[in-house]
$ cat query_39.txt   # compact mmCIF, C-alpha atoms
# COMPACT_ATOMS: atom_id res chain seq x y z
CA MET A 1 104.50 141.74 112.88
CA VAL A 2 104.81 138.22 114.30
CA THR A 3 108.34 137.29 115.36
CA PRO A 4 109.76 133.96 114.16
CA ALA A 5 109.92 132.70 117.75
CA ALA A 6 106.26 133.56 118.35
CA LEU A 7 105.27 131.98 115.05
CA THR A 8 107.18 128.80 115.89
CA GLU A 9 105.39 128.60 119.21
CA ALA A 10 102.03 129.23 117.55
CA ALA A 11 102.80 126.50 115.00
CA TRP A 12 103.50 123.97 117.75
CA ASP A 13 100.25 124.98 119.48
CA VAL A 14 98.38 124.29 116.25
CA LEU A 15 100.13 120.95 115.72
CA ARG A 16 98.97 119.87 119.18
CA THR A 17 95.36 120.23 117.98
CA VAL A 18 95.75 118.02 114.88
CA GLU A 19 94.54 114.48 115.52
CA ASP A 20 95.31 111.25 113.73
CA PRO A 21 92.13 110.39 111.76
CA GLU A 22 92.30 106.74 112.83
CA LEU A 23 93.19 107.18 116.52
CA PRO A 24 92.02 109.75 119.08
CA ILE A 25 95.48 111.14 119.65
CA ALA A 26 97.27 114.35 118.67
CA ILE A 27 100.06 113.95 116.16
CA THR A 28 102.42 115.59 118.65
CA ASP A 29 101.57 112.92 121.25
CA LEU A 30 102.10 110.20 118.66
CA GLY A 31 105.54 111.69 118.03
CA LEU A 32 105.01 112.39 114.35
CA VAL A 33 106.52 115.88 114.36
CA ARG A 34 110.22 115.87 113.55
CA ASP A 35 110.78 119.64 113.46
CA VAL A 36 109.28 123.03 112.69
CA GLN A 37 111.15 125.77 110.88
CA VAL A 38 110.05 129.34 110.38
CA ALA A 39 111.49 131.98 108.05
CA ASP A 40 109.82 135.05 106.51
CA GLY A 41 106.33 133.88 107.36
CA ARG A 42 107.03 130.50 105.78
CA ILE A 43 106.55 127.46 108.01
CA SER A 44 108.12 124.12 107.13
CA VAL A 45 107.09 121.08 109.12
CA ARG A 46 108.69 117.67 108.79
CA LEU A 47 106.72 114.65 109.96
CA ILE A 48 107.88 111.07 110.56
CA PRO A 49 105.37 108.45 109.39
CA THR A 50 104.59 105.47 111.59
CA TRP A 51 103.69 103.28 108.58
CA THR A 52 104.65 104.30 105.04
CA GLY A 53 101.49 102.91 103.44
CA CYS A 54 99.14 104.41 106.03
CA PRO A 55 96.21 106.10 104.26
CA ALA A 56 96.03 108.64 107.11
CA LEU A 57 99.30 110.26 105.98
CA ASP A 58 97.68 112.38 103.29
CA VAL A 59 94.84 113.37 105.61
CA ILE A 60 97.30 114.41 108.31
CA ARG A 61 99.40 116.40 105.87
CA THR A 62 96.34 118.27 104.61
CA ARG A 63 95.09 118.94 108.14
CA VAL A 64 98.48 120.27 109.24
CA ARG A 65 98.91 122.45 106.17
CA GLU A 66 95.44 123.98 106.47
CA ALA A 67 95.73 124.56 110.21
CA LEU A 68 99.08 126.33 109.78
CA ARG A 69 97.87 128.45 106.86
CA ALA A 70 95.04 129.74 109.04
CA LEU A 71 97.55 131.22 111.52
CA PRO A 72 97.99 135.00 111.42
CA GLY A 73 101.30 136.00 109.86
CA VAL A 74 101.73 132.78 107.82
CA ARG A 75 102.36 133.28 104.11
CA GLU A 76 103.07 129.68 103.23
CA ALA A 77 103.09 126.31 104.99
CA ALA A 78 104.98 123.28 103.67
CA VAL A 79 104.55 119.82 105.17
CA GLU A 80 106.66 116.86 104.21
CA TYR A 81 107.37 113.37 105.47
CA THR A 82 110.94 112.43 106.29
CA TYR A 83 112.68 109.12 106.88
CA ASP A 84 115.99 110.42 108.17
CA GLU A 85 115.06 109.24 111.64
CA PRO A 86 113.00 106.12 112.39
CA TRP A 87 109.66 106.43 114.14
CA THR A 88 109.70 104.28 117.30
CA MET A 89 107.52 103.90 120.41
CA ASP A 90 109.97 106.17 122.25
CA ARG A 91 108.46 109.06 120.34
CA VAL A 92 105.00 108.55 121.91
CA THR A 93 104.47 110.89 124.90
CA PRO A 94 103.16 109.56 128.24
CA ARG A 95 99.89 111.37 127.53
CA GLY A 96 99.72 109.80 124.08
CA ARG A 97 100.20 106.38 125.59
CA ARG A 98 97.37 107.04 128.07
CA ARG A 99 95.10 108.15 125.22
CA LEU A 100 95.79 104.95 123.28
CA GLU A 101 95.13 102.85 126.39
CA ALA A 102 91.93 104.76 127.13
CA HIS A 103 90.85 103.93 123.58
CA GLY A 104 91.02 100.24 124.58
CA LEU A 105 94.33 99.38 122.92
CA ALA A 106 97.08 97.34 124.50
CA VAL A 107 100.27 99.38 124.04
CA PRO A 108 103.74 97.80 124.01
CA ARG A 109 106.31 99.62 126.12
CA CYS A 110 108.75 99.84 123.23
CA ARG A 111 108.68 96.72 121.05
CA PHE A 112 106.01 94.62 119.43
CA SER A 113 107.98 91.50 120.40
CA GLU A 114 107.36 92.15 124.13
CA PRO A 115 104.85 89.72 125.73
CA PRO A 116 101.36 91.18 125.14
CA VAL A 117 99.10 91.97 128.08
CA CYS A 118 95.29 91.97 128.04
CA PRO A 119 94.11 95.59 128.47
CA TYR A 120 90.95 94.43 130.27
CA CYS A 121 92.20 91.98 132.91
CA GLY A 122 96.00 92.31 132.80
CA SER A 123 96.50 88.64 131.91
CA HIS A 124 99.54 87.47 129.96
CA GLU A 125 97.58 84.41 128.80
CA VAL A 126 96.71 85.85 125.43
CA GLY A 127 96.83 84.49 121.89
CA LEU A 128 97.55 86.31 118.65
CA ASP A 129 94.51 86.31 116.41
CA SER A 130 96.03 88.25 113.52
CA LEU A 131 99.12 90.36 112.89
CA PHE A 132 96.98 92.53 110.62
CA GLY A 133 94.11 94.29 112.34
CA PRO A 134 91.69 97.04 111.31
CA THR A 135 94.56 99.44 110.53
CA LEU A 136 98.23 98.86 109.67
CA CYS A 137 99.20 99.89 113.23
CA ARG A 138 97.00 97.37 115.07
CA ALA A 139 97.08 93.59 115.61
CA THR A 140 94.24 91.54 117.11
CA TYR A 141 94.37 89.12 120.07
CA ILE A 142 92.13 86.95 122.23
CA CYS A 143 92.57 86.89 126.02
CA ARG A 144 92.37 83.31 127.28
CA THR A 145 91.66 84.46 130.84
CA CYS A 146 88.77 86.93 130.43
CA ARG A 147 87.83 85.70 126.92
CA ASN A 148 87.77 89.20 125.46
CA PRO A 149 89.11 90.00 122.02
CA PHE A 150 91.38 93.04 122.01
CA GLU A 151 93.58 95.14 119.73
CA ARG A 152 97.20 95.97 120.34
CA PHE A 153 99.13 98.87 118.91
CA LYS A 154 101.67 97.55 116.38
CA PRO A 155 104.76 99.66 115.69
CA PRO A 156 107.03 98.65 112.80
CA GLU A 157 109.68 96.18 113.93
CA ASP A 158 112.80 97.50 115.60
CA PRO A 159 115.34 99.23 113.38
CA GLU A 160 117.97 96.80 112.17
CA ASP A 161 121.67 97.19 112.64
CA LEU A 162 122.69 97.17 108.99
CA GLY A 163 126.33 96.66 109.84
CA SER A 164 127.37 99.74 107.90
CA MET B 1 113.51 114.12 84.38
CA THR B 2 116.05 114.65 87.14
CA GLY B 3 114.25 114.56 90.48
CA PRO B 4 115.72 114.49 93.97
CA LEU B 5 118.26 111.75 93.23
CA GLU B 6 121.17 113.98 92.39
CA ALA B 7 123.94 112.83 94.68
CA ILE B 8 125.66 110.65 92.06
CA ALA B 9 127.93 112.72 89.82
CA ASP B 10 128.54 110.16 87.04
CA PRO B 11 125.47 110.34 84.76
CA ASP B 12 125.77 106.66 83.75
CA VAL B 13 125.85 105.52 87.35
CA HIS B 14 123.04 107.92 88.19
CA ALA B 15 120.90 106.42 85.41
CA ALA B 16 121.77 102.90 86.60
CA PHE B 17 120.72 103.71 90.16
CA ARG B 18 117.44 105.17 88.92
CA GLU B 19 116.84 101.99 86.97
CA TRP B 20 117.56 99.91 90.07
CA LEU B 21 115.16 101.96 92.16
CA LEU B 22 112.48 101.84 89.47
CA ARG B 23 112.65 98.05 89.50
CA ALA B 24 112.10 98.01 93.25
CA ALA B 25 109.16 100.43 93.01
CA ASP B 26 107.58 98.51 90.12
CA ASP B 27 107.97 95.19 91.98
CA GLU B 28 106.14 96.68 94.96
CA LEU B 29 103.37 98.26 92.88
CA VAL B 30 102.64 95.12 90.91
CA ILE B 31 102.82 92.60 93.74
CA GLY B 32 100.67 95.00 95.79
CA HIS B 33 98.00 94.84 93.11
CA ARG B 34 98.20 91.06 93.00
CA HIS B 35 97.84 90.83 96.80
CA SER B 36 94.85 93.17 96.67
CA GLU B 37 93.03 90.64 94.48
CA TRP B 38 92.59 88.55 97.64
CA THR B 39 90.46 91.25 99.23
CA GLY B 40 87.13 89.55 99.81
CA PHE B 41 88.44 86.15 98.74
CA GLY B 42 90.87 85.04 101.47
CA PRO B 43 90.39 81.63 103.13
CA ASP B 44 89.35 83.37 106.38
CA ILE B 45 88.65 86.94 107.46
CA GLU B 46 92.08 87.38 109.09
CA SER B 47 93.92 86.31 105.92
CA ASP B 48 91.68 88.50 103.85
CA VAL B 49 92.56 91.52 106.00
CA ALA B 50 96.23 90.50 106.08
CA LEU B 51 96.65 90.34 102.30
CA SER B 52 94.72 93.59 101.95
CA SER B 53 97.03 95.24 104.51
CA ILE B 54 100.15 93.85 102.83
CA ALA B 55 98.82 95.20 99.53
CA GLN B 56 98.33 98.60 101.15
CA ASP B 57 101.89 98.49 102.49
CA GLU B 58 103.43 97.53 99.15
CA ILE B 59 101.57 100.13 97.12
CA GLY B 60 102.53 102.73 99.75
CA HIS B 61 106.16 101.63 99.42
CA ALA B 62 105.98 101.93 95.64
CA ARG B 63 104.56 105.40 95.95
CA ALA B 64 107.31 106.50 98.37
CA MET B 65 109.99 105.17 95.98
CA TYR B 66 108.40 106.73 92.89
CA ALA B 67 108.46 110.06 94.75
CA HIS B 68 112.28 109.89 94.59
CA LEU B 69 112.19 109.35 90.83
CA VAL B 70 110.02 112.30 89.81
CA ALA B 71 110.59 116.04 89.92
CA ASP B 72 107.35 116.84 91.77
CA ALA B 73 106.10 114.09 94.06
CA ASP B 74 102.57 115.53 94.37
CA ARG B 75 102.06 115.86 90.64
CA ASP B 76 104.06 113.14 88.90
CA THR B 77 103.93 110.01 91.06
CA ASP B 78 100.63 108.70 89.68
CA HIS B 79 101.83 109.45 86.18
CA LEU B 80 104.92 107.31 86.67
CA ALA B 81 102.89 104.55 88.32
CA PHE B 82 100.07 104.33 85.80
CA SER B 83 100.94 106.01 82.50
CA ARG B 84 103.69 103.89 81.03
CA PRO B 85 103.43 101.24 78.32
CA ALA B 86 104.04 97.70 79.63
CA SER B 87 107.54 97.61 78.13
CA GLU B 88 108.66 100.47 80.40
CA TYR B 89 107.85 98.60 83.61
CA ARG B 90 110.90 97.00 85.20
CA HIS B 91 109.39 94.56 87.71
CA GLY B 92 110.23 90.88 87.58
CA ILE B 93 107.80 88.52 85.84
CA PHE B 94 107.36 86.79 89.20
CA VAL B 95 105.24 89.59 90.69
CA GLU B 96 102.95 89.95 87.68
CA ARG B 97 101.83 86.31 87.66
CA GLU B 98 98.16 85.75 88.33
CA ASN B 99 97.24 84.30 91.71
CA ALA B 100 96.81 80.57 91.25
CA GLY B 101 95.33 79.48 94.56
CA TRP B 102 96.12 80.46 98.15
CA GLU B 103 99.18 78.18 98.38
CA TRP B 104 100.67 79.81 95.29
CA SER B 105 100.17 83.32 96.68
CA ILE B 106 101.71 82.33 100.02
CA ALA B 107 104.66 80.65 98.24
CA ARG B 108 105.22 83.82 96.21
CA LEU B 109 104.90 86.02 99.30
CA ALA B 110 107.47 83.95 101.24
CA LEU B 111 109.98 83.91 98.36
CA TYR B 112 109.45 87.57 97.43
CA GLU B 113 109.74 88.91 100.97
CA ARG B 114 113.19 87.29 101.37
CA TYR B 115 114.27 88.97 98.15
CA ASP B 116 112.79 92.34 99.09
CA ALA B 117 114.42 92.31 102.53
CA LEU B 118 117.86 91.76 100.99
CA ARG B 119 117.30 94.57 98.52
CA LEU B 120 116.13 97.00 101.21
CA ARG B 121 119.04 96.05 103.44
CA ALA B 122 121.48 96.83 100.61
CA LEU B 123 119.81 100.17 99.91
CA GLY B 124 119.56 100.99 103.61
CA ALA B 125 123.30 100.43 104.03
CA SER B 126 124.18 102.53 100.98
CA ASN B 127 125.23 106.18 101.11
CA GLN B 128 122.19 107.23 99.07
CA GLU B 129 120.31 109.34 101.60
CA PRO B 130 117.46 110.13 101.82
CA VAL B 131 116.29 107.03 99.95
CA ALA B 132 118.48 104.86 102.20
CA GLY B 133 116.50 106.12 105.21
CA LEU B 134 113.30 105.19 103.43
CA ALA B 135 114.65 101.67 102.82
CA ARG B 136 115.44 101.26 106.52
CA ALA B 137 111.87 102.26 107.40
CA LEU B 138 110.34 99.90 104.82
CA LEU B 139 112.45 97.00 106.05
CA ARG B 140 110.83 97.29 109.48
CA GLU B 141 107.38 97.04 107.92
CA GLU B 142 108.18 94.17 105.57
CA ARG B 143 109.17 91.85 108.39
CA TYR B 144 105.52 91.32 109.34
CA HIS B 145 104.81 90.16 105.78
CA ALA B 146 107.45 87.44 105.98
CA LEU B 147 106.15 86.39 109.40
CA PHE B 148 102.66 85.98 107.97
CA ALA B 149 103.89 84.03 104.94
CA ASP B 150 106.02 81.69 107.05
CA THR B 151 103.16 80.92 109.45
CA TRP B 152 100.94 79.87 106.55
CA LEU B 153 103.69 77.91 104.83
CA VAL B 154 104.36 75.90 107.99
CA ARG B 155 100.63 75.42 108.58
CA MET B 156 99.90 74.12 105.07
CA CYS B 157 102.94 71.86 104.95
CA GLY B 158 102.27 70.41 108.40
CA GLY B 159 98.71 69.43 107.56
CA SER B 160 97.55 66.76 105.16
CA PRO B 161 99.81 65.22 102.48
CA GLU B 162 97.66 67.05 99.96
CA GLY B 163 98.51 70.41 101.53
CA HIS B 164 102.21 69.58 101.48
CA ALA B 165 102.06 68.41 97.87
CA ARG B 166 100.23 71.53 96.76
CA VAL B 167 102.75 73.84 98.42
CA GLN B 168 105.60 71.88 96.81
CA ALA B 169 103.90 72.24 93.42
CA ALA B 170 103.49 75.99 94.02
CA ILE B 171 107.17 76.38 94.96
CA ASP B 172 108.20 74.37 91.89
CA ALA B 173 106.02 76.54 89.66
CA ALA B 174 107.25 79.77 91.28
CA TRP B 175 110.95 78.98 91.26
CA PRO B 176 112.05 80.00 87.71
CA ASP B 177 110.21 83.31 87.96
CA ALA B 178 111.55 83.94 91.47
CA LEU B 179 115.11 83.46 90.16
CA GLY B 180 114.20 85.86 87.36
CA LEU B 181 114.09 88.66 89.96
CA PHE B 182 117.90 88.52 89.89
CA GLU B 183 118.12 89.18 86.15
CA ARG B 184 121.12 91.42 85.49
CA THR B 185 121.45 94.21 82.97
CA ASP B 186 124.17 96.75 82.19
CA ALA B 187 122.80 98.84 85.05
CA ASP B 188 123.92 96.16 87.52
CA GLU B 189 127.45 96.11 86.12
CA ARG B 190 127.74 99.88 86.40
CA LEU B 191 126.39 99.92 89.94
CA LEU B 192 128.66 97.10 91.01
CA THR B 193 131.82 98.87 89.87
CA SER B 194 130.68 102.27 91.20
CA GLY B 195 130.33 101.13 94.82
CA VAL B 196 126.98 102.91 95.19
CA LEU B 197 125.48 99.78 96.70
CA PRO B 198 127.28 97.35 99.01
CA ALA B 199 129.01 94.46 97.24
CA GLY B 200 127.60 90.96 97.49
CA ASP B 201 125.87 88.16 95.63
CA PRO B 202 122.14 88.77 96.15
CA ARG B 203 121.04 85.47 94.65
CA LYS B 204 123.37 83.48 96.87
CA SER B 205 122.18 85.38 99.97
CA TRP B 206 118.57 84.80 98.94
CA GLU B 207 119.08 81.06 98.49
CA ALA B 208 120.78 80.93 101.89
CA ALA B 209 117.70 82.60 103.42
CA VAL B 210 115.09 80.59 101.54
CA ARG B 211 116.62 77.10 101.80
CA PRO B 212 116.30 76.68 105.61
CA LEU B 213 112.70 77.91 105.46
CA LEU B 214 111.71 75.41 102.76
CA GLU B 215 113.63 72.55 104.35
CA SER B 216 112.05 73.20 107.75
CA CYS B 217 108.68 72.68 106.02
CA GLY B 218 109.90 69.40 104.46
CA LEU B 219 109.95 70.99 101.01
CA THR B 220 112.47 70.22 98.29
CA VAL B 221 114.39 73.20 96.92
CA PRO B 222 113.82 73.16 93.14
CA SER B 223 116.75 73.10 90.72
CA ALA B 224 115.09 74.79 87.73
CA SER B 225 116.84 77.74 86.12
CA ALA B 226 115.71 81.35 85.91
CA ARG B 227 113.05 82.72 83.57
CA GLU B 228 114.00 86.33 82.81
CA GLY B 229 112.80 89.33 80.85
CA GLY B 230 111.00 91.56 83.32
CA ARG B 231 114.01 93.73 84.18
CA ARG B 232 114.33 94.56 80.47
CA GLY B 233 110.63 95.29 80.03
CA THR B 234 109.62 91.97 78.49
CA HIS B 235 106.42 90.95 80.24
CA THR B 236 103.75 88.28 79.89
CA PRO B 237 100.10 88.56 78.74
CA GLU B 238 99.26 88.29 82.45
CA PHE B 239 100.79 91.72 82.96
CA GLU B 240 98.98 93.20 79.97
CA ARG B 241 95.69 92.19 81.59
CA LEU B 242 96.73 93.50 85.01
CA LEU B 243 97.95 96.81 83.59
CA ALA B 244 94.69 97.31 81.68
CA GLN B 245 92.78 96.74 84.89
CA MET B 246 94.90 98.81 87.26
CA THR B 247 95.00 101.83 84.94
CA GLU B 248 91.33 101.71 84.01
CA VAL B 249 90.15 104.45 86.37
CA ARG B 250 93.07 106.73 85.59
CA ARG B 251 92.60 106.35 81.82
CA SER B 252 88.96 107.36 82.20
CA ASP B 253 90.11 110.81 83.43
CA PRO B 254 93.90 111.26 83.43
CA GLU B 255 93.69 114.81 84.77
CA ALA B 256 91.52 113.98 87.80
CA ARG B 257 92.86 115.12 91.18
CA TRP B 258 92.33 112.82 94.16
$ encode --input "query_39.txt" --output "structure tokens"
Amino acid sequence: MVTPAALTEAAWDVLRTVEDPELPIAITDLGLVRDVQVADGRISVRLIPTWTGCPALDVIRTRVREALRALPGVREAAVEYTYDEPWTMDRVTPRGRRRLEAHGLAVPRCRFSEPPVCPYCGSHEVGLDSLFGPTLCRATYICRTCRNPFERFKPPEDPEDLGS
Amino acid sequence: MTGPLEAIADPDVHAAFREWLLRAADDELVIGHRHSEWTGFGPDIESDVALSSIAQDEIGHARAMYAHLVADADRDTDHLAFSRPASEYRHGIFVERENAGWEWSIARLALYERYDALRLRALGASNQEPVAGLARALLREERYHALFADTWLVRMCGGSPEGHARVQAAIDAAWPDALGLFERTDADERLLTSGVLPAGDPRKSWEAAVRPLLESCGLTVPSASAREGGRRGTHTPEFERLLAQMTEVRRSDPEARW
């Protein structure tokens, strides 16, 4: 008999092994996991998408569901995306940030509107090439100092104050 | 069909809100398909990728909204998206129009994104969770689309007189259909009195957002009146052709699982 607490812990361990198919980073480090609930061998996981139209969402959901179903003591695993809380850069862990940087991406501290920095030479003398890069979450730049092209992680714009 | 939207007790208001949401989803689906027609045909590789990415965003947004309108999101979303006769689609005529040159597509993108942002802001400020939360997320994504459109609008208008003239012609051609997005039906009256969505005059807010953009490009704001029909399911032959194309694969095997 697996206790709910042990199953919750096991679920989190499994989630830490699921990677984003487009970036070499665990979904837990990207901050996609909103919460995990366990009852009667049923695990429910809620994820927060970075980009709503991202084709990786279905892949991630399938990977999470299959990984959880393989756990001993799991009768059912449900995975859904939620929008009750916005995904922001604050959700990325320090390790996740290091993984993105090691992958060659420039990573804004918290907002896309911050001045971009070349990941190769540290120069601020960079020019936007395109807001839309190889995936929805990346924009492309050219460094005017070291002449390298580079990609920068692109979070959705900051949440708006809707005045409500 | 009931689905997750159950917070509104009055069945008439509930139906009106569903109608309103269906319009938004249909707008996104159809304009997404139109944007995707630029894949492989953009004026440069960056624009090609940009329109393809915007298409991906919009179709993803449509899918997320349809999921709120069906009982089982995994099973029924594609059915709602692709298995209706043309007269049951509620998008504005504006988004179904065929692409008529890069300047036309950029003009439509700039005008549509202003409209979409206002709509998402209204939904995001409503009490209709969880779809309000979805609207707030989508709004953050849409802002990059407007940024892209504006950059191109400024670039084309600041170039040769020919570029400026062609953008003006595109805006003039787009204007009646763009105003048609604001077409009102009984659903709007019911929603307005129910207080489900924040009060306001969307068309006035849209014109206030669009006018400074056009004027900063040296463009004249057209005075033509609206061409309507889409919100009541009256579409053009351009949509018949698009619908035939975008449902072709599904019709070949409606039961296929992807």
$ interface_residues --input "query_39.txt" --of "chain A" --to "chain B" --cutoff "12 Å" --atoms "only C-alpha atoms" --output "PyMOL selection string"
chain A and resi 48-59+61+79-88+111-113+128-141+154-164
$ residues_around --input "query_39.txt" --residues "segment 3-18 of chain A" --least-positions-apart "6" --cutoff "9 Å" --atoms "all atoms listed in the file" --output "list in words"
Ile25, Ala26, Ile27, Thr28, Asp29, Val33, Val36, Gln37, Val38, Ala39, Asp40, Gly41, Ile43, Ile60, Arg63, Val64, Ala67, Leu68, Leu71, Pro72, Gly73 and Val74 of chain A
$ residues_around --input "query_39.txt" --residues "Ala208 of chain B" --least-positions-apart "4" --cutoff "12 Å" --atoms "all atoms listed in the file" --output "list of chain:residue names"
B:Leu111, B:Arg114, B:Tyr115, B:Leu118, B:Asp201, B:Pro202, B:Arg203, B:Lys204, B:Pro212, B:Leu213, B:Leu214, B:Glu215, B:Val221
$ residues_around --input "query_39.txt" --residues "segment 156-169 of chain B" --least-positions-apart "4" --cutoff "8 Å" --atoms "all atoms listed in the file" --output "PyMOL selection string"
chain B and resi 103-104+107+152+173+217-220
$ write_last_selection --input "query_39.txt" --atoms "C-alpha atoms" --output "JSON list (two decimals), in the coordinates of the input"
[["chain", "number", "residue", "atom", "x", "y", "z"],
["B", 103, "GLU", "CA", 99.18, 78.18, 98.38],
["B", 104, "TRP", "CA", 100.67, 79.81, 95.29],
["B", 107, "ALA", "CA", 104.66, 80.65, 98.24],
["B", 152, "TRP", "CA", 100.94, 79.87, 106.55],
["B", 173, "ALA", "CA", 106.02, 76.54, 89.66],
["B", 217, "CYS", "CA", 108.68, 72.68, 106.02],
["B", 218, "GLY", "CA", 109.90, 69.40, 104.46],
["B", 219, "LEU", "CA", 109.95, 70.99, 101.01],
["B", 220, "THR", "CA", 112.47, 70.22, 98.29]]
$ closest_residue --input "query_39.txt" --among "A:Val45, A:Leu30, A:Val126, A:Cys143" --to "Arg98 of chain A" --atoms "only C-alpha atoms"
A:Leu30
$ residues_around --input "query_39.txt" --residues "Asp186 of chain B" --least-positions-apart "5" --cutoff "12 Å" --atoms "only C-alpha atoms" --output "list in words"
Asp12, Val13, Ala15, Ala16, Phe17, Glu19, Trp20, Leu191, Leu192, Thr193, Arg231 and Arg232 of chain B
$ atom_distance --input "query_39.txt" --atom1 "atom CA of Tyr112 of chain B" --atom2 "atom CA of Ala178 of chain B"
7.3 Å
$ closest_residue --input "query_39.txt" --among "B:His33, B:Arg90, B:Arg84, B:Arg23" --to "Met65 of chain B" --atoms "only C-alpha atoms"
B:Arg23
$ atom_distance --input "query_39.txt" --atom1 "atom CA of Val95 of chain B" --atom2 "atom CA of Asp26 of chain B"
9.2 Å
$ atom_distance --input "query_39.txt" --atom1 "atom CA of Glu125 of chain A" --atom2 "atom CA of Gly96 of chain A"
25.9 Å
$ residues_around --input "query_39.txt" --residues "Phe82 of chain B" --least-positions-apart "6" --cutoff "9 Å" --atoms "only C-alpha atoms" --output "JSON, numbers by chain"
{"B": [243, 246, 247, 250, 251]}
$ closest_residue --input "query_39.txt" --among "B:Glu238, B:Glu189, B:Asp116, B:Glu96" --to "Asp177 of chain B" --atoms "all atoms listed in the file"
B:Glu96
